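Content type compact mmCIF, C-alpha atoms, from the file protein_34.txt:
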# COMPACT_ATOMS: atom_id res chain seq x y z
CA MET A 1 0.00 0.00 0.00
CA ASP A 2 1.05 3.59 -0.59
CA ARG A 3 1.47 5.77 2.49
CA ALA A 4 0.93 9.38 3.61
CA GLY A 5 2.48 10.72 6.78
CA PRO A 6 3.58 10.60 9.48
CA PHE A 7 1.25 13.19 10.99
CA ARG A 8 0.71 14.52 14.49
CA ALA A 9 -2.60 15.92 15.73
CA LEU A 10 -1.88 17.13 19.28
CA GLU A 11 -0.27 13.98 20.73
CA HIS A 12 -1.92 11.56 18.29
CA ARG A 13 0.65 10.38 15.76
CA PHE A 14 -0.61 8.56 12.70
CA GLU A 15 -0.11 7.68 9.07
CA VAL A 16 -2.53 6.71 6.31
CA ARG A 17 -2.11 3.79 3.93
CA SER A 18 -4.41 2.78 1.10
CA ASP A 19 -4.84 0.68 -2.00
CA VAL A 20 -7.67 2.96 -3.22
CA PRO A 21 -6.46 5.06 -6.17
CA GLY A 22 -5.99 8.67 -5.15
CA ALA A 23 -6.66 8.08 -1.43
CA VAL A 24 -3.10 8.59 -0.22
CA GLU A 25 -2.79 11.79 -2.23
CA MET A 26 -6.07 13.05 -0.78
CA ALA A 27 -5.03 12.18 2.79
CA GLY A 28 -1.63 13.78 2.26
CA ARG A 29 -3.26 17.03 1.15
CA LEU A 30 -5.92 17.17 3.86
CA PHE A 31 -3.62 16.23 6.75
CA ALA A 32 -0.59 18.19 5.52
CA PRO A 33 -0.92 20.79 8.33
CA PHE A 34 -0.35 17.93 10.80
CA GLY A 35 2.95 16.92 9.17
CA ASP A 36 5.38 15.43 11.69
CA ARG A 37 8.93 14.08 11.70
CA GLY A 38 8.57 12.23 14.98
CA VAL A 39 10.05 8.78 15.45
CA ASP A 40 7.33 7.37 17.72
CA ARG A 41 5.39 4.45 16.30
CA PRO A 42 2.28 5.97 14.71
CA THR A 43 -1.23 4.59 14.55
CA VAL A 44 -1.68 3.13 11.07
CA TYR A 45 -4.98 3.89 9.39
CA GLU A 46 -5.83 1.96 6.24
CA LEU A 47 -8.45 2.72 3.62
CA ARG A 48 -9.15 -0.53 1.78
CA ARG A 49 -11.43 -1.56 -1.04
CA SER A 50 -12.92 -5.02 -1.44
CA ASP A 51 -15.95 -6.65 -3.03
CA GLY A 52 -19.50 -6.44 -1.68
CA THR A 53 -22.25 -3.88 -1.13
CA ARG A 54 -20.11 -1.87 1.31
CA PRO A 55 -16.70 -2.24 -0.27
CA TYR A 56 -14.81 0.64 1.38
CA ALA A 57 -13.42 0.16 4.87
CA VAL A 58 -11.35 2.08 7.40
CA TRP A 59 -8.98 0.11 9.60
CA SER A 60 -6.82 1.19 12.52
CA ASP A 61 -3.82 -0.94 13.44
CA GLY A 62 -5.57 -3.96 11.95
CA ALA A 63 -8.95 -3.35 13.62
CA LEU A 64 -11.99 -2.55 11.48
CA LEU A 65 -13.55 0.84 12.28
CA ARG A 66 -16.18 1.14 9.57
CA ARG A 67 -17.40 -0.13 6.23
CA GLY A 68 -19.09 2.19 3.77
CA VAL A 69 -20.63 2.35 0.33
CA ASP A 70 -18.07 4.77 -1.08
CA ALA A 71 -14.66 6.30 -0.48
CA GLY A 72 -16.19 9.55 0.77
CA ASN A 73 -17.91 7.73 3.60
CA ALA A 74 -14.60 6.13 4.58
CA LEU A 75 -12.77 9.46 4.43
CA ASP A 76 -15.39 11.12 6.64
CA ARG A 77 -14.88 8.40 9.25
CA LEU A 78 -11.09 8.70 9.05
CA ILE A 79 -11.20 12.48 9.65
CA THR A 80 -13.64 12.04 12.54
CA GLU A 81 -11.56 9.28 14.13
CA VAL A 82 -8.35 11.29 13.92
CA GLY A 83 -10.11 14.19 15.66
CA ARG A 84 -11.54 11.95 18.36
CA ARG A 85 -8.21 10.35 19.17
CA ALA A 86 -6.41 13.68 19.08
CA VAL A 87 -8.79 15.05 21.71
CA ALA A 88 -8.30 11.90 23.79
CA SER A 89 -4.53 12.50 23.67
CA ALA A 90 -4.78 16.22 24.41
CA HIS A 91 -3.58 16.32 28.04
CA PRO A 92 -2.83 18.87 29.42
CA TYR A 93 -4.86 20.91 26.93
CA VAL A 94 -8.49 21.70 27.63
CA VAL A 95 -10.26 21.21 24.28
CA ILE A 96 -13.42 23.12 23.44
CA HIS A 97 -15.87 22.18 20.71
CA ALA A 98 -15.49 25.45 18.86
CA GLY A 99 -14.35 27.26 15.78
CA ALA A 100 -11.33 29.48 16.35
CA VAL A 101 -9.63 32.21 14.32
CA SER A 102 -7.44 35.20 15.05
CA HIS A 103 -7.61 38.72 13.68
CA GLY A 104 -4.88 41.25 14.21
CA GLY A 105 -3.39 39.05 16.91
CA ARG A 106 -6.70 38.76 18.78
CA GLY A 107 -8.19 35.30 19.17
CA ILE A 108 -11.88 34.66 18.52
CA LEU A 109 -13.41 31.51 20.02
CA MET A 110 -16.81 30.29 18.76
CA PRO A 111 -18.13 27.48 21.00
CA ALA A 112 -21.32 25.71 19.95
CA PRO A 113 -22.95 22.28 19.60
CA PRO A 114 -23.05 20.52 16.21
CA ASP A 115 -25.09 22.08 13.41
CA HIS A 116 -24.85 25.61 14.80
CA GLY A 117 -22.78 26.91 11.90
CA LYS A 118 -19.27 26.82 13.39
CA SER A 119 -17.53 25.52 10.28
CA THR A 120 -19.40 27.83 7.93
CA LEU A 121 -18.70 30.86 10.10
CA THR A 122 -15.04 29.93 10.62
CA THR A 123 -14.56 29.48 6.88
CA ALA A 124 -16.28 32.79 6.14
CA LEU A 125 -14.04 34.59 8.63
CA VAL A 126 -10.91 33.06 7.09
CA ARG A 127 -12.06 34.21 3.65
CA ALA A 128 -12.45 37.69 5.12
CA GLY A 129 -8.81 37.75 6.27
CA CYS A 130 -8.76 36.01 9.65
CA ALA A 131 -6.11 33.42 10.44
CA PHE A 132 -7.40 29.85 10.78
CA LEU A 133 -6.95 27.92 14.00
CA SER A 134 -9.74 25.32 13.92
CA ASP A 135 -13.32 24.81 12.83
CA GLU A 136 -14.02 21.97 15.26
CA ALA A 137 -11.79 21.67 18.33
CA ALA A 138 -9.91 24.48 20.06
CA PRO A 139 -7.09 23.34 22.39
CA ILE A 140 -6.50 25.73 25.29
CA ASP A 141 -3.06 25.73 26.91
CA PRO A 142 -3.73 25.68 30.68
CA ARG A 143 -0.43 27.45 31.43
CA THR A 144 -1.02 30.49 29.22
CA GLY A 145 -4.73 30.45 28.31
CA THR A 146 -3.83 30.62 24.62
CA VAL A 147 -5.72 28.74 21.94
CA TRP A 148 -3.53 26.57 19.73
CA PRO A 149 -4.11 25.62 16.10
CA PHE A 150 -5.86 22.33 15.42
CA PRO A 151 -6.06 22.26 11.61
CA ARG A 152 -8.27 19.23 11.14
CA PRO A 153 -9.75 19.19 7.61
CA ILE A 154 -12.83 21.37 7.34
CA MET A 155 -15.97 19.46 6.34
CA LEU A 156 -18.78 21.51 4.79
CA SER A 157 -22.21 20.40 3.66
CA PRO A 158 -23.48 21.53 0.24
CA GLY A 159 -25.76 24.00 2.04
CA SER A 160 -22.84 25.49 3.94
CA LEU A 161 -20.77 25.77 0.78
CA ALA A 162 -23.64 27.53 -0.95
CA ALA A 163 -23.58 30.14 1.81
CA LEU A 164 -20.02 31.03 0.77
CA PRO A 165 -20.37 32.33 -2.81
CA GLY A 166 -17.47 31.62 -5.11
CA LEU A 167 -15.67 29.14 -2.87
CA ALA A 168 -16.86 25.95 -4.57
CA GLU A 169 -15.35 27.00 -7.89
CA THR A 170 -11.86 27.30 -6.36
CA LEU A 171 -11.72 23.95 -4.56
CA PRO A 172 -9.70 20.94 -5.73
CA ASP A 173 -11.79 18.21 -7.33
CA ASP A 174 -12.59 15.68 -4.60
CA ARG A 175 -15.62 14.03 -6.20
CA GLY A 176 -14.10 10.57 -5.89
CA PHE A 177 -13.91 11.04 -2.11
CA ARG A 178 -17.09 12.94 -1.42
CA ASN A 179 -20.11 11.24 0.08
CA TYR A 180 -22.04 14.32 1.15
CA GLN A 181 -19.57 16.73 2.71
CA PHE A 182 -16.84 18.69 0.97
CA HIS A 183 -13.33 18.38 2.42
CA LEU A 184 -11.17 21.51 2.65
CA THR A 185 -7.95 22.72 4.20
CA CYS A 186 -7.44 26.31 5.34
CA GLU A 187 -5.13 26.70 2.33
CA ASP A 188 -8.07 25.85 0.08
CA VAL A 189 -10.03 28.67 1.72
CA ARG A 190 -7.27 31.28 1.53
CA ALA A 191 -3.58 30.77 0.82
CA GLY A 192 -1.34 31.50 3.79
CA SER A 193 -4.24 31.54 6.24
CA MET A 194 -2.81 29.13 8.84
CA GLY A 195 -2.58 30.93 12.17
CA GLU A 196 -0.47 30.68 15.32
CA ALA A 197 -1.32 30.28 18.98
CA SER A 198 -3.29 33.29 20.17
CA SER A 199 -4.81 34.79 23.27
CA VAL A 200 -8.59 34.48 23.54
CA ASP A 201 -9.95 38.02 23.39
CA LEU A 202 -13.47 37.37 22.10
CA ILE A 203 -15.92 34.53 22.78
CA VAL A 204 -18.92 34.37 20.45
CA ALA A 205 -21.45 31.55 20.84
CA PRO A 206 -23.05 31.23 17.38
CA ARG A 207 -26.37 29.82 16.36
CA TYR A 208 -27.48 29.54 12.74
CA GLU A 209 -31.20 29.96 12.11
CA PRO A 210 -32.35 30.05 8.46
CA GLY A 211 -33.80 33.44 7.63
CA ALA A 212 -32.92 34.99 10.98
CA ALA A 213 -31.63 38.55 11.20
CA THR A 214 -28.07 38.77 12.46
CA ALA A 215 -27.95 39.86 16.09
CA LEU A 216 -25.21 40.06 18.72
CA GLU A 217 -26.03 40.31 22.40
CA PRO A 218 -23.71 40.33 25.41
CA LEU A 219 -23.34 37.03 27.21
CA ALA A 220 -23.15 37.11 31.00
CA GLY A 221 -20.05 35.59 32.52
CA ALA A 222 -21.88 32.71 34.18
CA GLU A 223 -23.66 31.82 30.94
CA ALA A 224 -20.42 32.06 28.95
CA LEU A 225 -18.70 29.75 31.43
CA LEU A 226 -21.58 27.27 31.24
CA THR A 227 -21.29 27.32 27.44
CA LEU A 228 -17.57 26.50 27.61
CA VAL A 229 -18.08 23.73 30.17
CA THR A 230 -20.89 22.21 28.10
CA GLN A 231 -18.74 22.31 24.96
CA CYS A 232 -15.54 21.06 26.62
CA LEU A 233 -14.67 17.88 24.70
CA ASN A 234 -12.39 16.41 27.34
CA PHE A 235 -14.08 17.65 30.51
CA ASP A 236 -14.54 14.06 31.63
CA ARG A 237 -10.75 13.72 31.79
CA ALA A 238 -9.82 17.25 32.86
CA GLY A 239 -12.60 17.41 35.47
CA ALA A 240 -12.51 20.14 38.09
CA SER A 241 -9.07 21.30 36.93
CA ALA A 242 -10.69 22.64 33.74
CA LEU A 243 -13.00 25.04 35.61
CA PRO A 244 -10.42 27.68 36.59
CA ILE A 245 -8.93 27.53 33.09
CA LEU A 246 -12.31 28.11 31.45
CA GLY A 247 -13.15 30.73 34.05
CA SER A 248 -9.98 32.65 33.20
CA LEU A 249 -10.92 32.59 29.52
CA VAL A 250 -14.28 34.16 30.30
CA GLU A 251 -12.74 36.79 32.59
CA GLY A 252 -10.21 37.84 29.96
CA ALA A 253 -12.58 37.98 26.98
CA SER A 254 -15.59 39.90 25.77
CA CYS A 255 -18.47 37.42 25.47
CA TYR A 256 -21.44 37.45 23.11
CA ARG A 257 -24.22 35.33 21.70
CA LEU A 258 -24.69 35.49 17.93
CA THR A 259 -27.84 34.55 16.05
CA THR A 260 -27.61 34.69 12.28
CA GLY A 261 -29.07 33.43 9.04
CA ASP A 262 -26.40 35.01 6.84
CA ALA A 263 -22.68 34.22 6.92
CA SER A 264 -21.60 37.54 5.43
CA ALA A 265 -23.59 39.57 7.96
CA ALA A 266 -22.21 37.40 10.78
CA VAL A 267 -18.65 38.11 9.65
CA ASP A 268 -19.32 41.84 9.59
CA ALA A 269 -20.80 41.69 13.09
CA ILE A 270 -17.87 39.77 14.57
CA LEU A 271 -15.16 41.80 12.88
CA GLY A 272 -16.92 44.94 14.05
CA LEU A 273 -16.06 43.83 17.58
CA VAL A 274 -12.32 43.55 16.94
CA ASP A 275 -11.57 46.20 14.29

Go ahead and express the file in the form of structure tokens.
Amino acid sequence: MDRAGPFRALEHRFEVRSDVPGAVEMAGRLFAPFGDRGVDRPTVYELRRSDGTRPYAVWSDGALLRRGVDAGNALDRLITEVGRRAVASAHPYVVIHAGAVSHGGRGILMPAPPDHGKSTLTTALVRAGCAFLSDEAAPIDPRTGTVWPFPRPIMLSPGSLAALPGLAETLPDDRGFRNYQFHLTCEDVRAGSMGEASSVDLIVAPRYEPGAATALEPLAGAEALLTLVTQCLNFDRAGASALPILGSLVEGASCYRLTTGDASAAVDAILGLVD
């Protein structure tokens, strides 16, 4: 099998092997920001094709993770599994389910549950000139309170991509590895957009509602802290030690709730807080 890697997502080291034409090249492009020269033995993910009604499979160190009807389904599972294991390996980081960008050296954290528009909003902000940190998981350094990059591939639904006019036409052709979602890197969104660790100066809890007017309202400290605790992906491991870290984030940031039905208007509203 051909191979891409090694890669390192937080403390999760891995490589990707495949006998599916084009799969290694796709993995190499999507996981390139995680490139690593470490010598530790990595987890070996394999994308294999066989006969049958669900011919595509993802394996991890010889154990079957999932079978699917097409290569896109297998790639979705691979990206999700890498993210899950990275979060599990994230000690001592406190990892928040959030989009994260920086603008003029000021970090913007966007915590929210699934399907609240984090990836769409993060991508729109990067197109508008922000530096990309993550669209899914924001690792917070407990020593400094900074948010570190976690450049997992961005996955956008067709509806989300439609909300970002002109982006689809610039993306590499991934039709052979697309089930439903499009797979992007921050470089696909805007060249040179990868960011660096940043302080958290603004916390915006987004919620996408079709047709809704864009509105920002201040978020009380207690409610902002509850949002971060609820969206902490490794709170079960970090436990009580995460509370003062999250509390410090809230104390040091301006906190808002954002409701929006329009990505462009949401970008204008957020950037209006930091410009």

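Taking only C-alpha atoms into account, Val94 of chain A lies nearest to A:Ile140 out of the set A:Ile140, A:Leu226, A:Ala27, A:Leu78.
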
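Checking A:Ala100, A:Ala265, A:Val24, A:Ala112 one by one against Leu216 of chain A, counting all atoms listed in the file, you find the shortest gap at A:Ala265.
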
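Closest approach to His116 of chain A from the set A:Pro244, A:Pro206, A:Gly104, A:Gly5 is made by A:Pro206, with distances taken over all atoms listed in the file.
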
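The space separating atom CA of Ala124 of chain A from atom CA of Ala266 of chain A comes to 8.8 Å.
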
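Atom CA of Leu249 of chain A lies 12.5 Å from atom CA of Met110 of chain A.
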
Taking all atoms of segment 49-62 of chain A that appear in the file, build a box with edges along x, y and z, extend it by 5 Å on every side, and state its centre and edge lengths in Å to one decimal, as lines of an AutoDock Vina configuration file.
center_x = -13.0
center_y = -2.3
center_z = 5.2
size_x = 28.4
size_y = 18.7
size_z = 26.5

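In this structure, atom CA of Thr214 of chain A sits 12.5 Å away from atom CA of Leu121 of chain A.
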
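Within 10 Å of the point (-19.3, 33.6, 31.9) in file coordinates, and counting only C-alpha atoms, lie the residues Ile203, Leu219, Ala220, Gly221, Ala222, Glu223, Ala224, Leu225, Leu226, Thr227, Leu228, Leu246, Gly247, Ser248, Leu249, Val250, Glu251, Ala253, Ser254, Cys255 and Tyr256 of chain A.
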
Hey, can you spit out that residue selection with C-alpha atoms as a PDB file, keeping the file's coordinate frame?
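Generated output (again_13.pdb):
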ATOM      1  CA  ILE A 203     -15.920  34.530  22.780  1.00  0.00           C
ATOM      2  CA  LEU A 219     -23.340  37.030  27.210  1.00  0.00           C
ATOM      3  CA  ALA A 220     -23.150  37.110  31.000  1.00  0.00           C
ATOM      4  CA  GLY A 221     -20.050  35.590  32.520  1.00  0.00           C
ATOM      5  CA  ALA A 222     -21.880  32.710  34.180  1.00  0.00           C
ATOM      6  CA  GLU A 223     -23.660  31.820  30.940  1.00  0.00           C
ATOM      7  CA  ALA A 224     -20.420  32.060  28.950  1.00  0.00           C
ATOM      8  CA  LEU A 225     -18.700  29.750  31.430  1.00  0.00           C
ATOM      9  CA  LEU A 226     -21.580  27.270  31.240  1.00  0.00           C
ATOM     10  CA  THR A 227     -21.290  27.320  27.440  1.00  0.00           C
ATOM     11  CA  LEU A 228     -17.570  26.500  27.610  1.00  0.00           C
ATOM     12  CA  LEU A 246     -12.310  28.110  31.450  1.00  0.00           C
ATOM     13  CA  GLY A 247     -13.150  30.730  34.050  1.00  0.00           C
ATOM     14  CA  SER A 248      -9.980  32.650  33.200  1.00  0.00           C
ATOM     15  CA  LEU A 249     -10.920  32.590  29.520  1.00  0.00           C
ATOM     16  CA  VAL A 250     -14.280  34.160  30.300  1.00  0.00           C
ATOM     17  CA  GLU A 251     -12.740  36.790  32.590  1.00  0.00           C
ATOM     18  CA  ALA A 253     -12.580  37.980  26.980  1.00  0.00           C
ATOM     19  CA  SER A 254     -15.590  39.900  25.770  1.00  0.00           C
ATOM     20  CA  CYS A 255     -18.470  37.420  25.470  1.00  0.00           C
ATOM     21  CA  TYR A 256     -21.440  37.450  23.110  1.00  0.00           C
TER      22      TYR A 256
END

Find the residues near segment 184-200 of chain A: any atom within 10 Å, counting all atoms listed in the file, skip ones fewer than 4 places away on the same chain, and give them as an NGL selection string. :A and (29-33 or 100-103 or 105-109 or 122-135 or 139-141 or 144-156 or 167-168 or 170-172 or 174 or 248-250 or 252-254)

Go through A:Arg17, A:His183, A:Arg8, A:Arg66 one by one, measure the shortest atom-to-atom distance of each to Asp40 of chain A using all atoms listed in the file, and give the residue with the smallest value. A:Arg8

Write out as an MDAnalysis selection string which residues come within 6 Å of Ala138 of chain A when counting all atoms listed in the file, dropping same-chain ones fewer than 6 positions away. chainID A and resid 95:96 98

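Among the candidates A:Asp173, A:Thr259, A:Ile270, A:Glu46, the residue lying nearest to Ala212 of chain A is A:Thr259 (atoms considered: only C-alpha atoms).
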
If I only have part of segment 174-190 of chain A, can you fill in N, CA and C atoms and write it as a JSON list (two decimals), keeping the file's coordinate frame?
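Written out: selection.json:
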[["chain", "number", "residue", "atom", "x", "y", "z"],
["A", 174, "ASP", "N", -12.63, 16.81, -5.52],
["A", 174, "ASP", "CA", -12.59, 15.68, -4.60],
["A", 174, "ASP", "C", -13.78, 14.75, -4.80],
["A", 175, "ARG", "N", -14.37, 14.78, -5.99],
["A", 175, "ARG", "CA", -15.62, 14.03, -6.20],
["A", 175, "ARG", "C", -15.47, 12.54, -5.94],
["A", 176, "GLY", "N", -14.29, 11.99, -6.16],
["A", 176, "GLY", "CA", -14.10, 10.57, -5.89],
["A", 176, "GLY", "C", -14.08, 10.24, -4.42],
["A", 177, "PHE", "N", -13.99, 11.26, -3.55],
["A", 177, "PHE", "CA", -13.91, 11.04, -2.11],
["A", 177, "PHE", "C", -14.94, 11.88, -1.37],
["A", 178, "ARG", "N", -16.04, 12.14, -2.04],
["A", 178, "ARG", "CA", -17.09, 12.94, -1.42],
["A", 178, "ARG", "C", -18.37, 12.12, -1.34],
["A", 179, "ASN", "N", -18.83, 11.90, -0.12],
["A", 179, "ASN", "CA", -20.11, 11.24, 0.08],
["A", 179, "ASN", "C", -21.20, 12.30, 0.09],
["A", 180, "TYR", "N", -21.10, 13.21, 1.02],
["A", 180, "TYR", "CA", -22.04, 14.32, 1.15],
["A", 180, "TYR", "C", -21.29, 15.61, 1.41],
["A", 181, "GLN", "N", -20.30, 15.54, 2.31],
["A", 181, "GLN", "CA", -19.57, 16.73, 2.71],
["A", 181, "GLN", "C", -18.35, 16.99, 1.82],
["A", 182, "PHE", "N", -18.05, 18.26, 1.65],
["A", 182, "PHE", "CA", -16.84, 18.69, 0.97],
["A", 182, "PHE", "C", -15.71, 18.74, 1.99],
["A", 183, "HIS", "N", -14.49, 18.40, 1.54],
["A", 183, "HIS", "CA", -13.33, 18.38, 2.42],
["A", 183, "HIS", "C", -12.37, 19.49, 2.00],
["A", 184, "LEU", "N", -12.00, 20.36, 2.94],
["A", 184, "LEU", "CA", -11.17, 21.51, 2.65],
["A", 184, "LEU", "C", -10.03, 21.60, 3.67],
["A", 185, "THR", "N", -8.96, 22.26, 3.27],
["A", 185, "THR", "CA", -7.95, 22.72, 4.20],
["A", 185, "THR", "C", -8.05, 24.24, 4.27],
["A", 186, "CYS", "N", -7.41, 24.85, 5.27],
["A", 186, "CYS", "CA", -7.44, 26.31, 5.34],
["A", 186, "CYS", "C", -6.75, 26.93, 4.13],
["A", 187, "GLU", "N", -5.79, 26.20, 3.53],
["A", 187, "GLU", "CA", -5.13, 26.70, 2.33],
["A", 187, "GLU", "C", -6.09, 26.74, 1.14],
["A", 188, "ASP", "N", -7.06, 25.82, 1.12],
["A", 188, "ASP", "CA", -8.07, 25.85, 0.08],
["A", 188, "ASP", "C", -8.96, 27.08, 0.22],
["A", 189, "VAL", "N", -9.16, 27.52, 1.46],
["A", 189, "VAL", "CA", -10.03, 28.67, 1.72],
["A", 189, "VAL", "C", -9.32, 29.97, 1.37],
["A", 190, "ARG", "N", -8.08, 30.09, 1.84],
["A", 190, "ARG", "CA", -7.27, 31.28, 1.53],
["A", 190, "ARG", "C", -5.81, 30.92, 1.74]]
